[in-house]
Structures are given as structure tokens and as C-alpha cells.
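Visitor: Just passing along the structure, written as C-alpha cells.
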Amino acid sequence: MSEAKTGIAKSDGKIPAVTLAERVESQIEHDIVEGVFRPGDRLDEEELAARLETSRTPIREALRKLAAAGLVTIRPRVGAMVSRPTIAQVVELFEVVAELEAFAARLAAKRATDTQLDLIAAAHARCEALATTGTAAEYFEANRVFHAAIWDAANNLMLVDQLYSVDKRLSPYRRHITFHPGRQQNSQSEHRLVAEALAARQPEAAENAMRDHVMILSDDALQLARNLRL
């Protein structure tokens with residue numbers, strides 16, 4: 001299992017059980033999405049309870065919820081582990097998110113306020129700067145902000161909810177892809193097409209550019225999945 005040193009910040013006084021359970025779930029989810037725990041890593045309840053300084057009850061509850069969200073797999077007599085999808089499942093996830101993100105870009109081109117377009121432009125500029133001067137980790141975070149700005153600009157809460165849900169499951173693979181040499185520069189040229197279409201309020205162009213961008217990531221993910229022997 002990958003080393004995990006993060007913990008849950010405590011507040012003074014007693015923490016209600018429901019709040020503690022939510023914090024435990026949030027912390028484990030964060031560690032999976034951020035790559036602290038990798039696909040296939042076993043999630044031992046006792047180890048998690050010790051690291052997060054809590055009992056096994058909220059750990060068990062959190063793992064059940066994360067299993068329902070697709071981030072964790074629980075097997076009888078084996079226990080919980082970070083979900084490790086098959087190659088086909090990784091590709092299917094990218095196909096779904098490509099269509100969702102393409103739809104978000106189309107809606108954003110139609111519905112975004114001027115302020116939201118300014119936020120997208122600023123996020124794009126940040127990515128541009130980091131593509132050549134920043135670390136892969138910095139670019140990965142800036143890339144998240146760029147995509148999230150487009151989702152928000154679609155002004156469709158149901159769509160945004162679905163995007164965040166699927167993106168969590170893909171995040172470990174997107175992170176690995178971002179760290180590939182040269183990927184930041186390639187990604188940025190793809191971002192540029194999306195940003196230009198949005199600035200010009202061209203729904204079809206924005207939709208196609210975003211779909212192409214995410215499906216290119218899918219090709220990278222397929223190679224990654226093979227390397228990881230999923």
C-alpha cells in the first residue's frame with residue numbers, strides 16, 4: 001500500500017458522530033483521488049483507524065459509501081481496496097466523461113456569463129504558463145480548475161454533479177497521464193481550441209474541441225492501463 005501520512009484535523013470538544021463520519025469519508029476519498037492510495041491498494045480498517053485517529057466504525061461506514069460511489073471495492077474475506085477497473089472499464093469511463101464534458105462546453109458557450117468566461121480565460125492562462133514553467137503537479141491542479149470553470153459555466157447543476165462523480169473515478173488515471181513527459185504541452189494546445197471556441201461563443205466548436213481533448217486522454221489512459229496491467 002502507498003504510504004499515507006495525512007490525518008483529520010480535530011476541533012476542540014466532542015465531534016458529533018455524523019460529522020466525524022463525513023470527515024473520515026472525505027479524507028479517504030481525497031487520498032484516493034490524489035493518488036495517496038493507488039488502484040488495487042488494500043484499505044485496512046485498523047490501519048486507517050489508527051492513521052485517522054478514530055474507531056473502525058466510521059471507517060467501515062466511509063468505505064461502504066465510497067464503494068457505492070465506485071471508488072472502493074469490497075470483497076468477502078478480502079476486505080476493501082481501491083477500485084481497479086479493467087481496461088474496458090477505464091475506456092468506458094472516458095467515453096462517458098468525454099460526452100459529459102463536451103455537453104458542458106456546448107452549454108457554457110451558450111449560457112456562460114461574461115464573468116464566467118473571464119474565469120475560464122484566467123484558468124486557461126494559468127495552464128498556459130504552467131505548461132512550460134510549472135511542475136506536473138501544479139499543472140494538474142490548474143487543469144482541474146480550467147475544466148471545473150467550464151462545468152460551472154454550463155449552469156446546469158445536475159450535469160455538474162454527474163461530472164464531479166465520474167471525474168473522481170478517473171482522477172488517478174488523469175494524474176498519471178499528466179505526469180507523462182510532454183503531456184502538459186499537448187494538453188495545452190487542446191485547451192486552446194476549447195478556450196477560443198468558448199470566448200467566441202461557438203457551441204459546436206467548443207463541444208467538438210472538448211470531446212477530442214478528453215478522448216485523446218482516453219488513448220493515453222488505455223496505454224497507462226496496459227502498463228498497470230489492469
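For the C-alpha cells, the naming scheme is as follows: chains receive sequential letters (A, B, ...) according to their order of presentation, residues are indexed from 1 within each chain, and ligands are indexed from 1 in presentation order.
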Any idea what's packed within 9 Å of Ala123 of chain A, counting only C-alpha atoms, ignoring anything in its chain fewer than 6 positions away? Could you give it as a ChimeraX atom specification?
Guide: /A:142-143,145-147,149
Visitor: Just want the 9 Å neighbourhood of segment 25-27 of chain A, counted on only C-alpha atoms, with same-chain residues fewer than 2 positions away dropped. Output as a ChimeraX atom specification.
Guide: /A:6-8,20-23,29-32,52,58-59,61-63,65-66
Visitor: Apply DSSP to the structure's backbone, then extract all residues of segment 12-124 of chain A labelled alpha helix (DSSP H) and return them as a PyMOL selection string.
Guide: chain A and resi 17-33+45-51+56-68+87-111+114-124
Visitor: Give the answer as one residue: which of A:Glu101, A:Arg174, A:Ala112, A:Leu71 has the shortest atom-to-atom distance to Gln162 of chain A, using only C-alpha atoms?
Guide: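 Distance minimum relative to Gln162 of chain A lands on A:Glu101.
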Visitor: Hey, which of A:Tyr139, A:Gly40, A:Asn155, A:Val33 ends up closest to Ala125 of chain A? Count only C-alpha atoms.
Guide: A:Tyr139
